[in-house]
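This is input38.pdb (PDB, C-alpha atoms, pLDDT in the B column).
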```
ATOM      1  CA  MET A  18       0.000   0.000   0.000  1.00 66.00           C
ATOM      2  CA  ARG A  19       1.407   3.362  -1.034  1.00 75.00           C
ATOM      3  CA  THR A  20       1.643   5.818   1.858  1.00 80.00           C
ATOM      4  CA  THR A  21       3.591   8.586   0.098  1.00 89.00           C
ATOM      5  CA  LYS A  22       3.019  10.883  -2.866  1.00 87.00           C
ATOM      6  CA  ILE A  23       6.530  10.158  -4.175  1.00 94.00           C
ATOM      7  CA  GLU A  24       5.746   8.123  -7.272  1.00 93.00           C
ATOM      8  CA  TRP A  25       8.948   6.094  -7.431  1.00 95.00           C
ATOM      9  CA  THR A  26       8.538   4.614  -3.959  1.00 97.00           C
ATOM     10  CA  ASP A  27       5.637   3.462  -1.785  1.00 96.00           C
ATOM     11  CA  ARG A  28       6.793   4.204   1.749  1.00 97.00           C
ATOM     12  CA  THR A  29       9.178   6.532   3.566  1.00 98.00           C
ATOM     13  CA  TRP A  30      11.213   5.927   6.726  1.00 98.00           C
ATOM     14  CA  ASN A  31      12.936   8.739   8.566  1.00 98.00           C
ATOM     15  CA  PRO A  32      15.315   7.563  11.298  1.00 98.00           C
ATOM     16  CA  VAL A  33      17.015  10.922  10.686  1.00 98.00           C
ATOM     17  CA  THR A  34      15.297  14.260  10.033  1.00 98.00           C
ATOM     18  CA  GLY A  35      16.837  17.586   9.107  1.00 98.00           C
ATOM     19  CA  CYS A  36      19.741  18.660   6.951  1.00 98.00           C
ATOM     20  CA  THR A  37      21.858  21.650   5.893  1.00 98.00           C
ATOM     21  CA  LYS A  38      22.134  23.178   2.436  1.00 97.00           C
ATOM     22  CA  LEU A  39      24.982  21.859   0.320  1.00 97.00           C
ATOM     23  CA  SER A  40      24.476  22.721  -3.350  1.00 97.00           C
ATOM     24  CA  VAL A  41      22.320  24.677  -5.788  1.00 97.00           C
ATOM     25  CA  GLY A  42      19.416  22.235  -5.664  1.00 97.00           C
ATOM     26  CA  CYS A  43      18.995  22.837  -1.927  1.00 97.00           C
ATOM     27  CA  ALA A  44      17.935  26.484  -2.288  1.00 97.00           C
ATOM     28  CA  HIS A  45      14.197  25.852  -1.896  1.00 96.00           C
ATOM     29  CA  CYS A  46      14.260  22.510  -0.083  1.00 96.00           C
ATOM     30  CA  TYR A  47      10.782  20.970   0.191  1.00 92.00           C
ATOM     31  CA  ALA A  48      11.813  18.938   3.244  1.00 95.00           C
ATOM     32  CA  GLU A  49      12.909  22.061   5.113  1.00 95.00           C
ATOM     33  CA  ILE A  50       9.585  23.780   4.402  1.00 95.00           C
ATOM     34  CA  MET A  51       7.660  20.686   5.510  1.00 95.00           C
ATOM     35  CA  ALA A  52       9.757  20.229   8.663  1.00 96.00           C
ATOM     36  CA  HIS A  53       9.089  23.770   9.827  1.00 97.00           C
ATOM     37  CA  ARG A  54       5.392  23.326   9.076  1.00 96.00           C
ATOM     38  CA  LEU A  55       5.292  20.146  11.172  1.00 96.00           C
ATOM     39  CA  GLN A  56       7.217  21.889  13.940  1.00 97.00           C
ATOM     40  CA  ALA A  57       4.621  24.678  13.997  1.00 97.00           C
ATOM     41  CA  MET A  58       1.879  22.029  14.223  1.00 97.00           C
ATOM     42  CA  GLY A  59       3.516  20.617  17.345  1.00 97.00           C
ATOM     43  CA  VAL A  60       4.644  17.299  15.846  1.00 96.00           C
ATOM     44  CA  SER A  61       7.163  16.066  18.401  1.00 96.00           C
ATOM     45  CA  LYS A  62       9.460  14.441  15.867  1.00 97.00           C
ATOM     46  CA  TYR A  63      10.114  17.879  14.374  1.00 97.00           C
ATOM     47  CA  ALA A  64      10.637  19.767  17.638  1.00 97.00           C
ATOM     48  CA  ASN A  65      14.113  20.660  16.332  1.00 97.00           C
ATOM     49  CA  GLY A  66      12.717  21.951  13.044  1.00 97.00           C
ATOM     50  CA  PHE A  67      15.178  21.141  10.268  1.00 97.00           C
ATOM     51  CA  SER A  68      18.234  20.709  12.470  1.00 97.00           C
ATOM     52  CA  PRO A  69      19.720  17.243  11.824  1.00 97.00           C
ATOM     53  CA  THR A  70      18.247  14.908  14.445  1.00 98.00           C
ATOM     54  CA  MET A  71      18.551  11.159  14.921  1.00 98.00           C
ATOM     55  CA  HIS A  72      15.488   9.201  16.057  1.00 98.00           C
ATOM     56  CA  GLU A  73      16.481   5.952  17.782  1.00 98.00           C
ATOM     57  CA  GLU A  74      12.803   5.267  18.510  1.00 97.00           C
ATOM     58  CA  THR A  75      12.043   4.849  14.802  1.00 98.00           C
ATOM     59  CA  LEU A  76      14.773   2.355  13.967  1.00 98.00           C
ATOM     60  CA  ASP A  77      12.450  -0.636  14.377  1.00 97.00           C
ATOM     61  CA  GLU A  78       9.561   0.735  12.304  1.00 98.00           C
ATOM     62  CA  PRO A  79      10.183  -1.402   9.191  1.00 98.00           C
ATOM     63  CA  LEU A  80      10.168  -4.546  11.315  1.00 97.00           C
ATOM     64  CA  ASN A  81       6.444  -3.984  11.784  1.00 96.00           C
ATOM     65  CA  TRP A  82       5.729  -3.747   8.042  1.00 96.00           C
ATOM     66  CA  LYS A  83       5.173  -7.369   7.094  1.00 90.00           C
ATOM     67  CA  GLN A  84       4.126  -6.783   3.490  1.00 95.00           C
ATOM     68  CA  PRO A  85       7.056  -6.007   1.152  1.00 96.00           C
ATOM     69  CA  HIS A  86       7.612  -2.303   0.477  1.00 97.00           C
ATOM     70  CA  THR A  87       9.929  -0.115  -1.536  1.00 97.00           C
ATOM     71  CA  ILE A  88      11.113   2.338   1.115  1.00 98.00           C
ATOM     72  CA  PHE A  89      12.768   5.706   0.604  1.00 98.00           C
ATOM     73  CA  VAL A  90      15.156   6.126   3.544  1.00 98.00           C
ATOM     74  CA  CYS A  91      15.408   9.645   4.997  1.00 98.00           C
ATOM     75  CA  SER A  92      13.075  11.504   2.663  1.00 97.00           C
ATOM     76  CA  MET A  93      13.295  14.356   5.207  1.00 98.00           C
ATOM     77  CA  ALA A  94      17.059  14.226   5.669  1.00 98.00           C
ATOM     78  CA  ASP A  95      20.363  12.992   4.279  1.00 98.00           C
ATOM     79  CA  LEU A  96      21.478   9.781   5.966  1.00 98.00           C
ATOM     80  CA  PHE A  97      25.095  10.645   5.161  1.00 98.00           C
ATOM     81  CA  HIS A  98      25.003  14.142   6.611  1.00 98.00           C
ATOM     82  CA  GLU A  99      28.220  14.937   8.463  1.00 98.00           C
ATOM     83  CA  SER A 100      26.394  15.114  11.798  1.00 98.00           C
ATOM     84  CA  VAL A 101      25.160  11.507  11.528  1.00 98.00           C
ATOM     85  CA  PRO A 102      27.905   9.221  12.868  1.00 98.00           C
ATOM     86  CA  PHE A 103      28.621   5.984  11.083  1.00 98.00           C
ATOM     87  CA  CYS A 104      27.661   4.081  14.248  1.00 98.00           C
ATOM     88  CA  PHE A 105      24.086   5.334  13.754  1.00 98.00           C
ATOM     89  CA  VAL A 106      24.185   4.444  10.036  1.00 98.00           C
ATOM     90  CA  ASP A 107      25.209   0.958  11.225  1.00 98.00           C
ATOM     91  CA  LYS A 108      21.947   0.774  13.196  1.00 98.00           C
ATOM     92  CA  VAL A 109      19.954   1.741  10.098  1.00 98.00           C
ATOM     93  CA  MET A 110      21.753  -0.977   8.115  1.00 98.00           C
ATOM     94  CA  ASN A 111      21.026  -3.497  10.849  1.00 98.00           C
ATOM     95  CA  THR A 112      17.292  -2.854  10.477  1.00 98.00           C
ATOM     96  CA  ILE A 113      17.623  -3.136   6.709  1.00 98.00           C
ATOM     97  CA  CYS A 114      19.377  -6.488   6.996  1.00 98.00           C
ATOM     98  CA  GLN A 115      16.661  -7.760   9.354  1.00 98.00           C
ATOM     99  CA  THR A 116      13.933  -6.975   6.806  1.00 98.00           C
ATOM    100  CA  PRO A 117      14.904  -8.656   3.514  1.00 97.00           C
ATOM    101  CA  GLN A 118      11.302  -8.451   2.309  1.00 97.00           C
ATOM    102  CA  HIS A 119      11.740  -4.707   1.720  1.00 97.00           C
ATOM    103  CA  ARG A 120      13.733  -2.738  -0.837  1.00 97.00           C
ATOM    104  CA  TYR A 121      15.423   0.364   0.546  1.00 98.00           C
ATOM    105  CA  GLN A 122      16.296   3.415  -1.537  1.00 98.00           C
ATOM    106  CA  ILE A 123      19.049   5.604  -0.071  1.00 98.00           C
ATOM    107  CA  LEU A 124      19.649   8.929  -1.801  1.00 98.00           C
ATOM    108  CA  THR A 125      22.363  11.407  -0.839  1.00 98.00           C
ATOM    109  CA  LYS A 126      24.086  14.585  -1.927  1.00 98.00           C
ATOM    110  CA  ARG A 127      27.055  13.623   0.244  1.00 98.00           C
ATOM    111  CA  ALA A 128      28.340  11.023  -2.167  1.00 98.00           C
ATOM    112  CA  SER A 129      31.923  10.934  -0.909  1.00 98.00           C
ATOM    113  CA  ARG A 130      30.754  10.164   2.627  1.00 98.00           C
ATOM    114  CA  MET A 131      28.478   7.388   1.356  1.00 98.00           C
ATOM    115  CA  GLU A 132      31.413   5.984  -0.600  1.00 98.00           C
ATOM    116  CA  GLU A 133      33.599   6.116   2.510  1.00 98.00           C
ATOM    117  CA  TYR A 134      30.992   4.238   4.540  1.00 98.00           C
ATOM    118  CA  PHE A 135      30.415   1.493   1.991  1.00 98.00           C
ATOM    119  CA  THR A 136      34.108   0.885   1.436  1.00 95.00           C
ATOM    120  CA  GLN A 137      34.155  -0.239   5.085  1.00 95.00           C
ATOM    121  CA  THR A 138      30.731  -1.941   5.167  1.00 97.00           C
ATOM    122  CA  ALA A 139      29.027  -4.265   2.705  1.00 97.00           C
ATOM    123  CA  VAL A 140      26.027  -2.863   0.836  1.00 98.00           C
ATOM    124  CA  PRO A 141      22.971  -4.945   1.849  1.00 98.00           C
ATOM    125  CA  ILE A 142      21.497  -6.781  -1.100  1.00 97.00           C
ATOM    126  CA  ASN A 143      18.116  -5.074  -0.611  1.00 97.00           C
ATOM    127  CA  VAL A 144      19.567  -1.553  -0.810  1.00 98.00           C
ATOM    128  CA  TRP A 145      19.462   0.746  -3.829  1.00 98.00           C
ATOM    129  CA  LEU A 146      21.985   3.585  -3.691  1.00 98.00           C
ATOM    130  CA  GLY A 147      21.516   6.956  -5.390  1.00 98.00           C
ATOM    131  CA  VAL A 148      23.017  10.419  -5.626  1.00 98.00           C
ATOM    132  CA  THR A 149      21.370  13.719  -6.477  1.00 98.00           C
ATOM    133  CA  VAL A 150      22.674  15.384  -9.635  1.00 98.00           C
ATOM    134  CA  GLU A 151      20.656  18.559 -10.080  1.00 98.00           C
ATOM    135  CA  ALA A 152      23.300  20.565 -11.929  1.00 98.00           C
ATOM    136  CA  ALA A 153      26.355  19.960 -14.088  1.00 98.00           C
ATOM    137  CA  THR A 154      28.590  21.020 -11.221  1.00 97.00           C
ATOM    138  CA  GLU A 155      27.451  17.982  -9.231  1.00 98.00           C
ATOM    139  CA  LYS A 156      28.226  15.268 -11.800  1.00 98.00           C
ATOM    140  CA  SER A 157      31.314  14.256  -9.803  1.00 98.00           C
ATOM    141  CA  ARG A 158      28.931  12.583  -7.336  1.00 98.00           C
ATOM    142  CA  ILE A 159      28.296   9.904  -9.950  1.00 98.00           C
ATOM    143  CA  GLU A 160      31.903   8.712  -9.720  1.00 98.00           C
ATOM    144  CA  CYS A 161      31.506   8.032  -5.988  1.00 98.00           C
ATOM    145  CA  LEU A 162      28.390   5.960  -6.676  1.00 98.00           C
ATOM    146  CA  ARG A 163      29.622   4.041  -9.698  1.00 97.00           C
ATOM    147  CA  SER A 164      32.066   1.796  -7.855  1.00 91.00           C
ATOM    148  CA  LEU A 165      29.703   0.728  -5.077  1.00 97.00           C
ATOM    149  CA  PRO A 166      28.228  -2.793  -5.454  1.00 96.00           C
ATOM    150  CA  ALA A 167      24.568  -1.937  -4.950  1.00 97.00           C
ATOM    151  CA  THR A 168      21.795  -3.982  -6.536  1.00 95.00           C
ATOM    152  CA  VAL A 169      20.583  -0.723  -8.135  1.00 97.00           C
ATOM    153  CA  ARG A 170      22.524   2.510  -8.612  1.00 98.00           C
ATOM    154  CA  PHE A 171      20.435   5.551  -9.462  1.00 98.00           C
ATOM    155  CA  LEU A 172      20.524   9.294 -10.054  1.00 98.00           C
ATOM    156  CA  SER A 173      17.919  11.796  -8.921  1.00 98.00           C
ATOM    157  CA  CYS A 174      18.026  14.832 -11.199  1.00 98.00           C
ATOM    158  CA  GLU A 175      15.419  16.697  -9.190  1.00 98.00           C
ATOM    159  CA  PRO A 176      15.030  19.559  -9.022  1.00 98.00           C
ATOM    160  CA  LEU A 177      16.811  19.777 -12.372  1.00 98.00           C
ATOM    161  CA  VAL A 178      17.998  23.388 -12.424  1.00 98.00           C
ATOM    162  CA  GLN A 179      20.388  23.366 -15.389  1.00 97.00           C
ATOM    163  CA  ASP A 180      21.452  21.373 -18.422  1.00 98.00           C
ATOM    164  CA  LEU A 181      23.644  18.480 -17.323  1.00 98.00           C
ATOM    165  CA  GLY A 182      25.364  18.154 -20.672  1.00 98.00           C
ATOM    166  CA  GLU A 183      26.884  14.776 -21.465  1.00 98.00           C
ATOM    167  CA  ILE A 184      26.661  12.188 -18.675  1.00 98.00           C
ATOM    168  CA  ASP A 185      28.575   8.935 -18.294  1.00 98.00           C
ATOM    169  CA  LEU A 186      25.858   6.495 -17.226  1.00 98.00           C
ATOM    170  CA  SER A 187      27.996   3.378 -17.279  1.00 97.00           C
ATOM    171  CA  ASP A 188      26.961   1.151 -14.352  1.00 97.00           C
ATOM    172  CA  ILE A 189      24.026   3.462 -13.564  1.00 98.00           C
ATOM    173  CA  ASP A 190      20.685   1.642 -13.703  1.00 97.00           C
ATOM    174  CA  TRP A 191      18.061   4.341 -13.263  1.00 98.00           C
ATOM    175  CA  VAL A 192      17.664   8.098 -13.683  1.00 98.00           C
ATOM    176  CA  ILE A 193      14.816  10.097 -12.107  1.00 98.00           C
ATOM    177  CA  VAL A 194      14.112  13.582 -13.479  1.00 98.00           C
ATOM    178  CA  GLY A 195      11.790  16.254 -12.121  1.00 98.00           C
ATOM    179  CA  GLY A 196      11.236  19.979 -12.014  1.00 98.00           C
ATOM    180  CA  GLU A 197      11.089  22.167  -8.932  1.00 98.00           C
ATOM    181  CA  SER A 198       7.858  23.022  -7.121  1.00 96.00           C
ATOM    182  CA  GLY A 199       6.904  25.935  -4.911  1.00 94.00           C
ATOM    183  CA  VAL A 200       6.516  29.696  -5.005  1.00 93.00           C
ATOM    184  CA  LYS A 201      10.206  30.287  -5.737  1.00 95.00           C
ATOM    185  CA  ALA A 202      10.612  27.364  -8.128  1.00 97.00           C
ATOM    186  CA  ARG A 203      13.122  27.636 -10.956  1.00 97.00           C
ATOM    187  CA  PRO A 204      12.008  26.575 -14.445  1.00 97.00           C
ATOM    188  CA  MET A 205      13.247  23.391 -16.102  1.00 98.00           C
ATOM    189  CA  GLU A 206      13.824  23.513 -19.866  1.00 98.00           C
ATOM    190  CA  PRO A 207      12.324  20.650 -21.895  1.00 98.00           C
ATOM    191  CA  ASP A 208      15.581  20.197 -23.822  1.00 98.00           C
ATOM    192  CA  TRP A 209      17.413  19.436 -20.586  1.00 98.00           C
ATOM    193  CA  VAL A 210      14.995  16.573 -19.968  1.00 98.00           C
ATOM    194  CA  ARG A 211      15.150  15.342 -23.560  1.00 98.00           C
ATOM    195  CA  SER A 212      18.943  15.246 -23.368  1.00 98.00           C
ATOM    196  CA  ILE A 213      18.860  13.009 -20.291  1.00 98.00           C
ATOM    197  CA  LEU A 214      16.216  10.758 -21.862  1.00 98.00           C
ATOM    198  CA  ARG A 215      18.339  10.371 -25.002  1.00 98.00           C
ATOM    199  CA  GLN A 216      21.382   9.431 -22.971  1.00 98.00           C
ATOM    200  CA  THR A 217      19.514   6.860 -20.881  1.00 98.00           C
ATOM    201  CA  GLU A 218      18.306   5.243 -24.103  1.00 98.00           C
ATOM    202  CA  GLU A 219      21.804   5.232 -25.578  1.00 98.00           C
ATOM    203  CA  GLN A 220      23.422   3.919 -22.394  1.00 98.00           C
ATOM    204  CA  ASP A 221      20.736   1.433 -21.351  1.00 97.00           C
ATOM    205  CA  ALA A 222      19.498   3.039 -18.137  1.00 98.00           C
ATOM    206  CA  ALA A 223      15.844   3.238 -17.070  1.00 98.00           C
ATOM    207  CA  PHE A 224      14.271   6.722 -17.216  1.00 98.00           C
ATOM    208  CA  PHE A 225      11.610   8.013 -14.823  1.00 98.00           C
ATOM    209  CA  PHE A 226      10.065  11.423 -15.474  1.00 98.00           C
ATOM    210  CA  LYS A 227       8.365  12.459 -12.255  1.00 98.00           C
ATOM    211  CA  GLN A 228       6.907  15.906 -12.988  1.00 97.00           C
ATOM    212  CA  TRP A 229       7.352  19.331 -14.566  1.00 98.00           C
ATOM    213  CA  GLY A 230       6.799  21.075 -11.254  1.00 97.00           C
ATOM    214  CA  THR A 231       5.628  24.661 -10.978  1.00 97.00           C
ATOM    215  CA  TRP A 232       6.791  25.585 -14.481  1.00 98.00           C
ATOM    216  CA  GLY A 233       5.179  23.705 -17.353  1.00 97.00           C
ATOM    217  CA  ALA A 234       6.757  22.425 -20.548  1.00 97.00           C
ATOM    218  CA  ASP A 235       5.330  25.537 -22.197  1.00 97.00           C
ATOM    219  CA  GLY A 236       7.179  27.843 -19.803  1.00 96.00           C
ATOM    220  CA  VAL A 237       4.002  28.846 -17.964  1.00 96.00           C
ATOM    221  CA  LYS A 238       3.939  28.967 -14.164  1.00 96.00           C
ATOM    222  CA  ARG A 239       0.940  27.176 -12.671  1.00 96.00           C
ATOM    223  CA  ASN A 240      -0.102  24.465 -10.215  1.00 95.00           C
ATOM    224  CA  LYS A 241       2.217  21.470 -10.536  1.00 96.00           C
ATOM    225  CA  ARG A 242      -0.725  19.096 -10.903  1.00 95.00           C
ATOM    226  CA  ALA A 243      -1.900  21.061 -13.928  1.00 97.00           C
ATOM    227  CA  ASN A 244       1.575  20.876 -15.460  1.00 97.00           C
ATOM    228  CA  GLY A 245       1.593  17.124 -14.959  1.00 97.00           C
ATOM    229  CA  LYS A 246       4.221  14.603 -16.044  1.00 97.00           C
ATOM    230  CA  VAL A 247       3.754  14.216 -19.780  1.00 98.00           C
ATOM    231  CA  LEU A 248       6.944  14.540 -21.829  1.00 98.00           C
ATOM    232  CA  ASP A 249       6.382  15.019 -25.569  1.00 98.00           C
ATOM    233  CA  GLY A 250       3.027  13.273 -25.394  1.00 97.00           C
ATOM    234  CA  LYS A 251       4.134  10.350 -23.212  1.00 98.00           C
ATOM    235  CA  ILE A 252       4.325   9.402 -19.557  1.00 98.00           C
ATOM    236  CA  ILE A 253       7.695   7.697 -19.120  1.00 98.00           C
ATOM    237  CA  GLN A 254       8.114   6.159 -15.700  1.00 97.00           C
ATOM    238  CA  MET A 255      10.401   3.157 -16.018  1.00 97.00           C
ATOM    239  CA  MET A 256      11.698   1.230 -13.033  1.00 96.00           C
ATOM    240  CA  PRO A 257      15.172  -0.298 -13.025  1.00 95.00           C
ATOM    241  CA  GLN A 258      16.006  -3.864 -13.791  1.00 85.00           C
ATOM    242  CA  LEU A 259      17.632  -5.447 -10.759  1.00 72.00           C
ATOM    243  CA  ALA A 260      21.315  -6.134 -11.264  1.00 59.00           C
ATOM    244  CA  MET A 261      23.179  -8.625  -9.106  1.00 53.00           C
ATOM    245  CA  ARG A 262      26.622  -7.247  -8.333  1.00 55.00           C
ATOM    246  CA  TYR A 263      27.748  -9.747  -5.742  1.00 45.00           C
ATOM    247  CA  SER A 264      30.138 -12.598  -6.164  1.00 35.00           C
TER
END
```
Entire entry expressed as structure tokens:
Amino acid sequence: MRTTKIEWTDRTWNPVTGCTKLSVGCAHCYAEIMAHRLQAMGVSKYANGFSPTMHEETLDEPLNWKQPHTIFVCSMADLFHESVPFCFVDKVMNTICQTPQHRYQILTKRASRMEEYFTQTAVPINVWLGVTVEAATEKSRIECLRSLPATVRFLSCEPLVQDLGEIDLSDIDWVIVGGESGVKARPMEPDWVRSILRQTEEQDAAFFFKQWGTWGADGVKRNKRANGKVLDGKIIQMMPQLAMRYS
């Protein structure tokens, strides 16, 4: 059962909440806006607003979900934020290993720290690893991801705020693309999306177009639902084929 509006997953799990801005895509962070809203509503988990906070009490949550789920880990945070010690990441991985019925999607902007962690610790077989690449300046994150033996390696190009140019997608299984939402959203040019689609087709990666966001394909600013997710007359929302990268 889907319990989130994020179309490429069906459940979220937040053993960490909060983050700090790192790169251009962070400027209008949806998670920060939501965290402050929840704080104002008196939700205890967000008493610290968007300050990075670990929640030991939530570590066992997936153990109670008996039906298999695809779970986005830390949708309201970055698991590999510098303030999250590796000993706490170990606890998250322990829960993941105890629940092989689930698939876990871990997405980070702190790719070098994720690489450091997983050069010391095996990647669980039910973990998909991803990095955010919202601008050409952040393509170096892909190199940190490429060498890690995850069942699925993926890129999130959301919010896509500039043309990425040519991308080396070797050993990358899946690319998610989406425009920015919100009052201060930056427009996404259709040709930027078409370029990524072309390269996924040429390099055999799955392509998932999530949404246009606040700015439509026609360059008009409106409700994101009205702008939709149609790219050149098609909805393209592919999921990755599962690779086995273990000896």
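Here the question is which of A:Gly147, A:Pro79, A:Gly182, A:Pro176 gets nearest to A:Glu197 using all atoms listed in the file, and that residue is A:Pro176.
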**Prompt:** Hey, what comes out of the PyMOL selection byres ((chain A and resi 71) around 8) on this file? Could you write it as a PyMOL selection string?
**Reply:** chain A and resi 32-34+69-70+72-73+101
Specify the axis-aligned box that encloses all atoms of stretch 197-203 of chain A listed in the file after padding of 3 Å on each side, stating its centre and edge lengths in Å to one decimal as lines of an AutoDock Vina configuration file.
```
center_x = 9.8
center_y = 26.2
center_z = -7.9
size_x = 12.6
size_y = 14.1
size_z = 12.0
```
| Hey, what comes out of the PyMOL selection byres ((chain A and resi 89) around 10) on this file? Could you write it as a list in words? |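 Here the PyMOL selection byres ((chain A and resi 89) around 10) matches Thr21, Ile23, Trp25, Thr26, Asp27, Arg28, Thr29, Trp30, Asn31, His86, Thr87, Ile88, Val90, Cys91, Ser92, Met93, Arg120, Tyr121, Gln122, Ile123, Leu124 and Trp145 of chain A.
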Pull C-alpha atoms from the residues just selected and write them as a tab-separated table (two decimals), keeping the file's coordinate frame.
```tsv
chain	number	residue	atom	x	y	z
A	21	THR	CA	3.59	8.59	0.10
A	23	ILE	CA	6.53	10.16	-4.18
A	25	TRP	CA	8.95	6.09	-7.43
A	26	THR	CA	8.54	4.61	-3.96
A	27	ASP	CA	5.64	3.46	-1.78
A	28	ARG	CA	6.79	4.20	1.75
A	29	THR	CA	9.18	6.53	3.57
A	30	TRP	CA	11.21	5.93	6.73
A	31	ASN	CA	12.94	8.74	8.57
A	86	HIS	CA	7.61	-2.30	0.48
A	87	THR	CA	9.93	-0.12	-1.54
A	88	ILE	CA	11.11	2.34	1.12
A	90	VAL	CA	15.16	6.13	3.54
A	91	CYS	CA	15.41	9.64	5.00
A	92	SER	CA	13.08	11.50	2.66
A	93	MET	CA	13.30	14.36	5.21
A	120	ARG	CA	13.73	-2.74	-0.84
A	121	TYR	CA	15.42	0.36	0.55
A	122	GLN	CA	16.30	3.42	-1.54
A	123	ILE	CA	19.05	5.60	-0.07
A	124	LEU	CA	19.65	8.93	-1.80
A	145	TRP	CA	19.46	0.75	-3.83
```
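Atom CA of A:Ser40 is found 13.2 Å from atom CA of A:His98.
Nearest residue to A:Cys174, choosing from A:Gly42, A:Leu55, A:Gly236, A:Pro204 and counting only C-alpha atoms: A:Gly42.
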A:Phe105 proximity check over A:Thr125, A:Gln84, A:Asp188, A:Tyr134, using only C-alpha atoms: winner is A:Tyr134
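Of the listed residues (A:Gln115, A:Thr75, A:Ser164, A:Asn240), A:Ser164 comes nearest to A:Thr136; the distances count all atoms listed in the file.
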Please measure the separation of atom CA of A:Lys201 and atom CA of A:Arg19, giving the value in Å to one decimal.
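According to the coordinates, atom CA of A:Lys201 and atom CA of A:Arg19 are separated by 28.7 Å.
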Judged by all atoms listed in the file, the minimum distance to A:Arg211 among A:Asp95, A:Glu160, A:Asp107, A:Asp249 is found for A:Asp249
### Message
With the PyMOL selection byres ((chain A and resi 141) around 9) as the selection, what would be picked from this file? Answer as a list of chain:residue names, please.
### Response
A:Met110, A:Ile113, A:Cys114, A:Thr138, A:Ala139, A:Val140, A:Ile142, A:Asn143, A:Val144, A:Trp145, A:Ala167, A:Thr168
Export, as an mmCIF file, keeping the file's coordinate frame, the selected residues with C-alpha atoms.
```cif
data_model
loop_
_atom_site.group_PDB
_atom_site.id
_atom_site.type_symbol
_atom_site.label_atom_id
_atom_site.label_comp_id
_atom_site.auth_asym_id
_atom_site.auth_seq_id
_atom_site.Cartn_x
_atom_site.Cartn_y
_atom_site.Cartn_z
ATOM 1 C CA MET A 110 21.753 -0.977 8.115
ATOM 2 C CA ILE A 113 17.623 -3.136 6.709
ATOM 3 C CA CYS A 114 19.377 -6.488 6.996
ATOM 4 C CA THR A 138 30.731 -1.941 5.167
ATOM 5 C CA ALA A 139 29.027 -4.265 2.705
ATOM 6 C CA VAL A 140 26.027 -2.863 0.836
ATOM 7 C CA ILE A 142 21.497 -6.781 -1.100
ATOM 8 C CA ASN A 143 18.116 -5.074 -0.611
ATOM 9 C CA VAL A 144 19.567 -1.553 -0.810
ATOM 10 C CA TRP A 145 19.462 0.746 -3.829
ATOM 11 C CA ALA A 167 24.568 -1.937 -4.950
ATOM 12 C CA THR A 168 21.795 -3.982 -6.536
#
```
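Atom CA of A:Arg127 is positioned 16.7 Å from atom CA of A:Ser68.
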Among A:Lys251, A:Lys238, A:Lys156, A:Lys22, A:Ala202 is approached most closely, using all atoms listed in the file, by A:Lys238
Write out as a PyMOL selection string each polymer residue whose atoms come within 9 Å of A:Leu181, counting all atoms listed in the file; drop sequence neighbours fewer than 6 positions from it. chain A and resi 150-156+209+212-213
Store the residues of this selection in a file with C-alpha atoms, as a PDB file, in the frame of the given file.
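Generated output (out.pdb):
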```
ATOM      1  CA  VAL A 150      22.674  15.384  -9.635  1.00 98.00           C
ATOM      2  CA  GLU A 151      20.656  18.559 -10.080  1.00 98.00           C
ATOM      3  CA  ALA A 152      23.300  20.565 -11.929  1.00 98.00           C
ATOM      4  CA  ALA A 153      26.355  19.960 -14.088  1.00 98.00           C
ATOM      5  CA  THR A 154      28.590  21.020 -11.221  1.00 97.00           C
ATOM      6  CA  GLU A 155      27.451  17.982  -9.231  1.00 98.00           C
ATOM      7  CA  LYS A 156      28.226  15.268 -11.800  1.00 98.00           C
ATOM      8  CA  TRP A 209      17.413  19.436 -20.586  1.00 98.00           C
ATOM      9  CA  SER A 212      18.943  15.246 -23.368  1.00 98.00           C
ATOM     10  CA  ILE A 213      18.860  13.009 -20.291  1.00 98.00           C
TER      11      ILE A 213
END
```
- request: Just give me the residues with any atom within 10 Å of (6.9, 5.9, -20.5), file coordinates, counting all atoms listed in the file, written as a list in words.
  value: Ala223, Phe224, Phe225, Phe226, Val247, Leu248, Gly250, Lys251, Ile252, Ile253, Gln254 and Met255 of chain A
| Near A:Glu99, counting all atoms listed in the file, which residues have an atom at most 9 Å away, once you skip same-chain residues fewer than 3 positions from it, shown as a VMD selection string? | chain A and resid 96 102 127 130
Supply stretch 143-149 of chain A as a PDB file, keeping the file's coordinate frame, with N, CA and C atoms built in where the input has gaps.
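Listing of selection_2.pdb after writing:
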```pdb
ATOM      1  N   ASN A 143      19.421  -5.712  -0.400  1.00 97.00           N
ATOM      2  CA  ASN A 143      18.116  -5.074  -0.611  1.00 97.00           C
ATOM      3  C   ASN A 143      18.194  -3.550  -0.552  1.00 97.00           C
ATOM      4  N   VAL A 144      19.379  -3.002  -0.803  1.00 98.00           N
ATOM      5  CA  VAL A 144      19.567  -1.553  -0.810  1.00 98.00           C
ATOM      6  C   VAL A 144      19.863  -1.057  -2.220  1.00 98.00           C
ATOM      7  N   TRP A 145      19.153   0.006  -2.609  1.00 98.00           N
ATOM      8  CA  TRP A 145      19.462   0.746  -3.829  1.00 98.00           C
ATOM      9  C   TRP A 145      20.153   2.035  -3.404  1.00 98.00           C
ATOM     10  N   LEU A 146      21.240   2.380  -4.039  1.00 98.00           N
ATOM     11  CA  LEU A 146      21.985   3.585  -3.691  1.00 98.00           C
ATOM     12  C   LEU A 146      21.878   4.625  -4.811  1.00 98.00           C
ATOM     13  N   GLY A 147      21.647   5.886  -4.405  1.00 98.00           N
ATOM     14  CA  GLY A 147      21.516   6.956  -5.390  1.00 98.00           C
ATOM     15  C   GLY A 147      22.195   8.238  -4.935  1.00 98.00           C
ATOM     16  N   VAL A 148      22.496   9.083  -5.907  1.00 98.00           N
ATOM     17  CA  VAL A 148      23.017  10.419  -5.626  1.00 98.00           C
ATOM     18  C   VAL A 148      22.186  11.441  -6.398  1.00 98.00           C
ATOM     19  N   THR A 149      22.081  12.628  -5.827  1.00 98.00           N
ATOM     20  CA  THR A 149      21.370  13.719  -6.477  1.00 98.00           C
ATOM     21  C   THR A 149      22.323  14.452  -7.412  1.00 98.00           C
TER      22      THR A 149
END
```
